[in-house]
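*Asks:* Submitted below is the structure of interest, expressed as structure tokens.
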Amino acid sequence: MKAKADSQMSINYDMENKKYWQSFGELNQSEAYQQSAKDEFQEELPFAEADNKGFLQSVTPRRDFLKYLGFSTAAAAVAASCEIPVKKAIPFANKPEDITPGVANYYATTYVQDGDVVSVIAKVRDGRPIKIEGNDLSPVTGGGTSARVQASVLDLYDTARLRFPTIDGKEVTLEAVDKAVGSALSGLGGAPVVILTSTITSPSTKDAINQFLAKYPGSRHVVYDAVSNSGILLANEATYGKKAIPSYRFDNAKVIVSLGADFLGTWISPTEFSKQYAKGKKISNKQTEMSKHIQFESVLSMTGANADDRYIHRPSEEGLVAVALLNAINGQGAAGIKDAKLKAGIEKTAKELLENKGASLVVSGSNNVNVQIVVNAINEALQSGGKTIDWSATLNYRQGIDADFVKLVDDLNAGSVGALLIFGANPAYTWYDSKKFVDGLKKTRVSVSFNTKVDETTENCKYVIPDHHYLESWGDAEPKSGHFSLLQPTIYPLFKTRQWQDSLLKWSGATTDYLGFVKQYWLGKLGSESAWDKALQDGVINPATPATATGSAFNAGAVANAASALASAPKSGKYELVIYEKTGVGVTGAANPWLQEMPDPITKATWDNYVIISPALAKSLLGIDMARSGDADAYEVHPPKHVLKITAGGKSVELPALIIPGLQPDTIAIAVGYGRSEKLGKSVVGSGKNIFPFVSTVNGTISYTVSDVSIANTGEKYEVAITQTHGSYDTSQGKRVEVMKEMTLAELKAHPDAIVKEREEELKPFGGIEKFEKEGTIYPHFEKPGIHWGMSVDLNSCTGCGACVVACNAENNVPVVGKSEVLRGHEMHWLRIDRYYSGDVDNPKVVFQPLMCQHCDNAPCENVCPVAATNHSSEGLNQMTYNRCIGTRYCANNCPFKVRRFNWADYTGADSFPNNQAGEINDVVMMMNDDLTRMVLNPDVTVRSRGVIEKCSFCVQRLQEGKLKAKRDSRKLTDSDINVACAQSCPSDCITFGNANDPESAVSKARKENSNRLFISLEQIHVLPNVTYMTKVRNTEEEAEAKHEGKKEGAHA
Amino acid sequence: MIHLRHFAGKLILGFILALIFQLGNSAKAQDGKALFTANCASCHKVHERMTGPALEGVEDRWPDKKKLHAWIHNSAAVLASGDAYANNLFNEYGKVAMTPFPSLSDKDIDAILTYIKSVPKVDPSKKDGPTAKAEGGDNTLLFGILTLILAVVAFVLLQVNSNLKKLSDDKAGVPAHEPVPFWRNKAYIAFLTIILFLLGGFLVVKGAIGLGRTQNYEPKQPIFYSHKVHAGVNQINCLYCHGSTMEGKQANIPSVNVCMNCHMAINEYKGEKLFTAEGEEVNGTAEIQKLYKYAGFEPGKAWDASKAKPIEWTRIHNLPDHVYFNHSQHVKAGQVQCQTCHGDITKMDEVKQFAPLSMGWCVNCHRETKVQFKDNGFYSIYEKYHQDLKNGKLDSTKGITVEMIGGTECQKCHY
């Protein structure tokens, strides 16, 4: 009994003492941090009266006051005498049957971009798509989306899209370009034609390509992926005899080990994997078994941040780690690893893997064939085949083999290629030897680009026939063999563009267009017109019976060679560079303002790329010691960051440095996707530098690490817009722990009621949990009849990916403010994902917490509004009425969650005077006000004007619509009637929303079934939020050990 | 001087009271009228027999008022009870059952009955014009003149009073001040200033409130489309043309092909003469020709719908962008009649804006209108209200209003 009591004590002790921090300033409680926590708004208020000189001497003296008074009176008089403009109501000439003005239609289609495929539903209002949702009918992605998918609708209305075909940059008609290309192709005289594309998953497109190639003998199709997965394809060919990627089943794995694969963020099919991964993380009061995720990596990735255990190593050691793991599994121990921590980690991991044979999965993000062969051998040793690795269906997202492209570049330069047709690939930007490619391209007689914009490759092509956006296209895709997803247009093409398959068919002499072609293809497979219609309506064609997972014969022949190749000590310099892909921007997203402004999950930086360095490196290189509060302030409080010059192999790049814990100390990392051609739109202008030139080919595959770089401090500084320290605040208790809770699985199992007890303890002075609502306040208690909206957020399955952030932007017309405004803390996101570090500064644990308006039933913002612009609804919504708001910002000041946003400028062009802020607000914001871009706005949500506060509304427009649907059908409201945008977009189902008064609703059930983990942010201040959270549970023993040590230290002190 | 101030105070108070009284009065009269137009007018007239009987003297015809109320709430129930008068009436009017109005409260019905009593009988031989004016014009002018006369009288009396006082003072030997002429009398000036300020303020505020509001807006349309002819004389259901009213936020304006469904066959106008608001005669057949021009239709030939061009109607009902209004919410879920907001559309040739479409107007209706609390399954979740209705805590005749379920909260219309 005594022992038990002791452990209980220790849990309470440790929970209170565990420190969570968002910034180094917070970690050290530095002066500037404390100052910023006190100031709600970053800049000084523009009132000069405060300087004791008196009112008359102030900047705005009496005369000015009278002038303004006179002007406003006159303006009001003029405005009053204006006639109300006559508006026209123009109905259809012939109303299409399926369009009801003001009612949205939903069409199933497919997001296809650079090989990525996600089945989606496009919401179309009055003929224009305004929002992308996940398609629940797809067993591959299960209704999940990603930030990129959510943002893709904005690309449709991109002002920088090429609007017509061109020859040598001059506008021509489609007929003219067809004629010109036709005669050019026929004049090739037998020289081969090469079609260069990113990965094509569409079976009908492949048919069309083959049909075209057949007409030009000697021609070929080269697949080139900007971020290559050749290594895995070739390794599988060597060991399984198949040049393909198998289906991974993260949901079947009890132990997941990732060797640097960012499978939740960017690796192969993150949306699909997130869904599977979340299944293993779903626990409840009854079910407390959850998967364990161990990550080995050099740079803190989003996936690494979610890992239960995480070990860091040098990038050049990735092969050694893989081999050591294989050896450890084979019972030989992790010999050859010098770092003790890492070695112990590998051995421990091997033990856990072996304990879960057949229920474990090891993946690697490396593009090194040998590493992937060793990983295959590990999985084979663990009997993963047929269980967590399924060869019955292959993943088709990446098919490019690097050597093919290398050969193509050589052929181009040799002048042996007659014509190059490019679709979806942009090697002039993404290929490391871009100059060689462009030179070769210029030597090619016929160069045709089907890319939608004048990107770096397209501007070097003679003929350009821009492709439709996917929302304007017909087509199909096969992301996973046997699983098909169809595309149908959701809008009439905006510009004089044409689907590239149409061009291919036309040039190969086919008489049908691509629609006829794809339909014919599917009629042949499906048998009937009605089956085709049904497939289009569903958007997906699934295998009749889900295939049973199968393994594949393993050929171990290559393993020994691979292992020995890896084991021979790799040479590396002092500093190593990792080139990575960002979760949001990726390779092609820089032209999308929503993605640019979405804070990166880890760095929380927007609008730029940068060098990520470790705190240790910062200390040795820049002399910034993050443990000293003055240094932390100098680095963190001011946006300008030290610019470093990174040099390797004769190339150099200068980028600002961000200090991020969790990096291997001598490793730096830079993201791809920046430094783009300014022709791609306003949002790429001045945004970051291109790091692709640092990539190189090693042993036939592209390597995204550089093993020897030199780093120099340029002494210059560059401003980076980081949101992580915005809106921080302090409580008199000074404990940020209250906002978010975390525990280990062991703790939860040993003391399921630990959280409940903690809450009970906290609320004891106010009557305990039960009586808290009524007794903890002097305000009256209000009845909650009918509906009471509630949201439950499971921190355990949130991966921090940011899909919800972009979904919220799209749904609620949340404006883009541009870098200059983010720098001033003026970002407008209604939903942010807070990233907390805890533990070891060199390898911290990370918790993500999505934070939106908590819709407090006893909201502190409501009773400080002088004009009652924010008040409470009987359904539990904290309502914001823009037209009443006079912009005092008292509410934002009084909000304990800091989720209220103020419109400092007219970001969305809502003011009566058009372009009244040209030159004052960012160019990107001006671009977002373009008539074309504004087509993406949701007509059911008010576009806010300058000077008002806004915040999460729980998507009230969707709630009203859902209620109305139920009312029209005269029935009770059900969960299927309503869903908020963030919950819909989430690939890991961490947000549940519904009527909390209905015991049958999903949110009520989620709260009931997880009452042990349920907590309310800042519960003890009695604001009574309608958002509840579920504690993050980490499946690790490390915590317990650390605590033990901590306690000892405490005893010493 | 003191009695003078006292008098002025009384005058202002009286003035304000008169104003309030007047406003209150006209509001009440309008209530019954609006309810009548919204609910009864499609079948009843006051003095003439229509689908239903003329309503003049209806209270005297029914044996007791309770029965009349019951009849209006649910006529079928009264018929079933075997009431002789009711059954006679039913048979007399071709066994057409009267629509039940469960949503009308007793107070509403009384307001309608009061209105019916107030409608004077019109001599059909005389033109509508002048009577309509007398009915519509309130007594503001009369009261105004009366107030002015009283003010002049009061002024004269004050002057007389002051003269008499001066005389008596002279007599008593009280040294008199130099008499101040009334235009320099500070009391008068102050009084006048206050009056002007109040009046000016009233007008400014009224004008400011009216900014952007366009009640009675009746623009000229590209085609003289008469709702009176279509919905009134020819009894075409509103939903035939405005179909999406039941499904969506907008009660769509019909597209040309909807017009052509009928007008392929109907190519001339033979009905009563049509007049514009200004009194000019309209050639109905020529207006149909205008439609043909938009449709690209030549009578006698097959119509190619793809040649149609949309008609650019002038929009009459304009809500600001920050207001969300949904027709299906009101018409389908709320069972509100079109006429409640759009007025007696069956009598309008060119449509005018009947309602002010102001927020006050919306909110008033939300305060008074009952939701379909028992009939609509959606409201079953409001268990407490159902309980309270049963055990009498809530007045079941008053029912559950839109306001009680949160219908006057900001984010019901603004988001």
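Letters A, B, ... mark the chains of the structure tokens in the order given; residue numbers begin at 1 per chain; ligand numbers begin at 1, in order shown.
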Chain A residues within 6 Å of chain B, counting only C-alpha atoms: which ones, as an MDAnalysis selection string?
*Replies:* chainID A and resid 87:95 102:103 785:786 874 941:942 967:968 970:972
*Asks:* Leaving out range 127-139 of chain A and any residue of its chain fewer than 2 positions from it, which residues lie within 8 Å of it when counting only C-alpha atoms, given as a VMD selection string?
*Replies:* chain A and resid 108 118 to 125 141 to 145 149 to 150 152 to 153 471 490 to 491 538 to 540 542 807 810 to 811 935 to 938 984 to 985
*Asks:* Just want the 10 Å neighbourhood of Asn74 in chain B, counted on only C-alpha atoms, with same-chain residues fewer than 4 positions away dropped. Output as a list of chain:residue names.
*Replies:*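 Counting only the stated atoms, we get B:Leu68, B:His69, B:Ala70, B:Val78, B:Leu79, B:Ala97, B:Met98, B:Thr99, B:Pro100, B:Phe101, B:Pro102.
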*Asks:* Separation of CA of Gln849 in chain A and CA of Arg824 in chain A, in Å?
*Replies:*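 Taking CA of Gln849 in chain A and CA of Arg824 in chain A, their separation equals 23.0 Å.
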*Asks:* Env of Thr37 in chain B: 7 Å cut, atoms = only C-alpha atoms, seq-sep filter 4 positions within chain, self excluded. Answer as a list in words.
*Replies:* Lys33, Ala41, Gln339, Gly343 and Asp344 of chain B
*Asks:* Please extract the residues of range 649-815 of chain A with a backbone DSSP assignment of strand (DSSP E) and present them as a PyMOL selection string.
*Replies:* chain A and resi 651-659+667-671+696-698+701-703+705-719+721-722+742-744+789-794
*Asks:* Could you list, as a list of chain:residue names, every residue within 6 Å of range 792-804 of chain A, counting only C-alpha atoms and ignoring same-chain residues fewer than 6 positions away?
*Replies:*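 Within the cut-off, the hits are A:Ser146, A:Ala147, A:Ala278, A:Lys281, A:Pro601, A:Phe848, A:Cys982, A:Ser985, A:Cys990, A:Ile991, A:Thr992, A:Val1027, A:Thr1028, A:Tyr1029, A:Met1030, A:Thr1031, A:Lys1032, A:Val1033.
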*Asks:* What's the separation between CA of Asp410 in chain A and CA of Gly589 in chain A, in Å to one decimal place?
*Replies:*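 Interatomic distance here is 29.1 Å.
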*Asks:* I'd like the contact shell of Lys107 in chain B - 12 Å cut-off, only C-alpha atoms, skipping same-chain residues fewer than 2 positions apart - returned as an MDAnalysis selection string.
*Replies:* chainID B and resid 28 31:32 35 69 103:105 109:114 368 397:398
*Asks:* Take the residues just selected and output them with N, CA and C atoms as a PDB file, in the first residue's frame.
*Replies:*
```
ATOM      1  N   LYS B  28     -50.715  49.397 -33.803  1.00  0.00           N
ATOM      2  CA  LYS B  28     -51.696  48.378 -33.494  1.00  0.00           C
ATOM      3  C   LYS B  28     -52.611  48.135 -34.692  1.00  0.00           C
ATOM      4  N   ASP B  31     -51.009  45.964 -37.224  1.00  0.00           N
ATOM      5  CA  ASP B  31     -50.895  44.559 -36.850  1.00  0.00           C
ATOM      6  C   ASP B  31     -51.988  43.714 -37.463  1.00  0.00           C
ATOM      7  N   GLY B  32     -53.241  44.111 -37.198  1.00  0.00           N
ATOM      8  CA  GLY B  32     -54.400  43.367 -37.691  1.00  0.00           C
ATOM      9  C   GLY B  32     -54.388  43.320 -39.193  1.00  0.00           C
ATOM     10  N   LEU B  35     -51.692  40.923 -40.420  1.00  0.00           N
ATOM     11  CA  LEU B  35     -52.100  39.535 -40.184  1.00  0.00           C
ATOM     12  C   LEU B  35     -53.173  39.130 -41.180  1.00  0.00           C
ATOM     13  N   HIS B  69     -62.939  31.444 -32.695  1.00  0.00           N
ATOM     14  CA  HIS B  69     -61.502  31.244 -32.521  1.00  0.00           C
ATOM     15  C   HIS B  69     -61.119  29.799 -32.840  1.00  0.00           C
ATOM     16  N   SER B 103     -51.165  28.707 -35.749  1.00  0.00           N
ATOM     17  CA  SER B 103     -50.111  29.621 -35.278  1.00  0.00           C
ATOM     18  C   SER B 103     -50.682  30.967 -34.833  1.00  0.00           C
ATOM     19  N   LEU B 104     -51.935  31.273 -35.183  1.00  0.00           N
ATOM     20  CA  LEU B 104     -52.489  32.570 -34.785  1.00  0.00           C
ATOM     21  C   LEU B 104     -52.938  32.486 -33.332  1.00  0.00           C
ATOM     22  N   SER B 105     -52.469  33.410 -32.509  1.00  0.00           N
ATOM     23  CA  SER B 105     -52.916  33.409 -31.117  1.00  0.00           C
ATOM     24  C   SER B 105     -54.272  34.106 -31.044  1.00  0.00           C
ATOM     25  N   ILE B 109     -56.009  36.915 -33.543  1.00  0.00           N
ATOM     26  CA  ILE B 109     -57.323  36.829 -34.170  1.00  0.00           C
ATOM     27  C   ILE B 109     -58.151  38.063 -33.815  1.00  0.00           C
ATOM     28  N   ASP B 110     -58.044  38.465 -32.540  1.00  0.00           N
ATOM     29  CA  ASP B 110     -58.774  39.671 -32.139  1.00  0.00           C
ATOM     30  C   ASP B 110     -58.296  40.875 -32.930  1.00  0.00           C
ATOM     31  N   ALA B 111     -57.004  40.922 -33.163  1.00  0.00           N
ATOM     32  CA  ALA B 111     -56.468  42.049 -33.939  1.00  0.00           C
ATOM     33  C   ALA B 111     -57.052  42.038 -35.345  1.00  0.00           C
ATOM     34  N   ILE B 112     -57.168  40.839 -35.922  1.00  0.00           N
ATOM     35  CA  ILE B 112     -57.737  40.732 -37.270  1.00  0.00           C
ATOM     36  C   ILE B 112     -59.192  41.185 -37.244  1.00  0.00           C
ATOM     37  N   LEU B 113     -59.930  40.717 -36.212  1.00  0.00           N
ATOM     38  CA  LEU B 113     -61.345  41.071 -36.136  1.00  0.00           C
ATOM     39  C   LEU B 113     -61.511  42.580 -35.969  1.00  0.00           C
ATOM     40  N   THR B 114     -60.635  43.165 -35.163  1.00  0.00           N
ATOM     41  CA  THR B 114     -60.695  44.622 -34.985  1.00  0.00           C
ATOM     42  C   THR B 114     -60.462  45.308 -36.324  1.00  0.00           C
ATOM     43  N   GLU B 368     -42.647  37.648 -32.077  1.00  0.00           N
ATOM     44  CA  GLU B 368     -44.072  37.324 -31.995  1.00  0.00           C
ATOM     45  C   GLU B 368     -44.442  36.005 -32.641  1.00  0.00           C
ATOM     46  N   THR B 397     -51.212  28.795 -25.376  1.00  0.00           N
ATOM     47  CA  THR B 397     -51.804  29.590 -26.461  1.00  0.00           C
ATOM     48  C   THR B 397     -50.740  30.506 -27.055  1.00  0.00           C
ATOM     49  N   LYS B 398     -49.816  30.934 -26.193  1.00  0.00           N
ATOM     50  CA  LYS B 398     -48.743  31.795 -26.688  1.00  0.00           C
ATOM     51  C   LYS B 398     -47.714  30.969 -27.472  1.00  0.00           C
TER      52      LYS B 398
END
```
*Asks:* As a list in words, list the residues of range 248-338 of chain A assigned to alpha helix (DSSP H) by DSSP on the backbone atoms of this structure.
*Replies:*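 Those residues are Pro270, Thr271, Glu272, Phe273, Ser274, Lys275, Gln276, Tyr277, Ala278, Lys279, Gly280, Lys281, Met302, Thr303, Gly304, Ala305, Asn306, Glu318, Gly319, Leu320, Val321, Ala322, Val323, Ala324, Leu325, Leu326, Asn327, Ala328 and Ile329 of chain A.
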*Asks:* How many Å separate CA of Thr199 in chain A from CA of Gly475 in chain A?
*Replies:*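 About the pair CA of Thr199 in chain A and CA of Gly475 in chain A: they are 14.7 Å apart.
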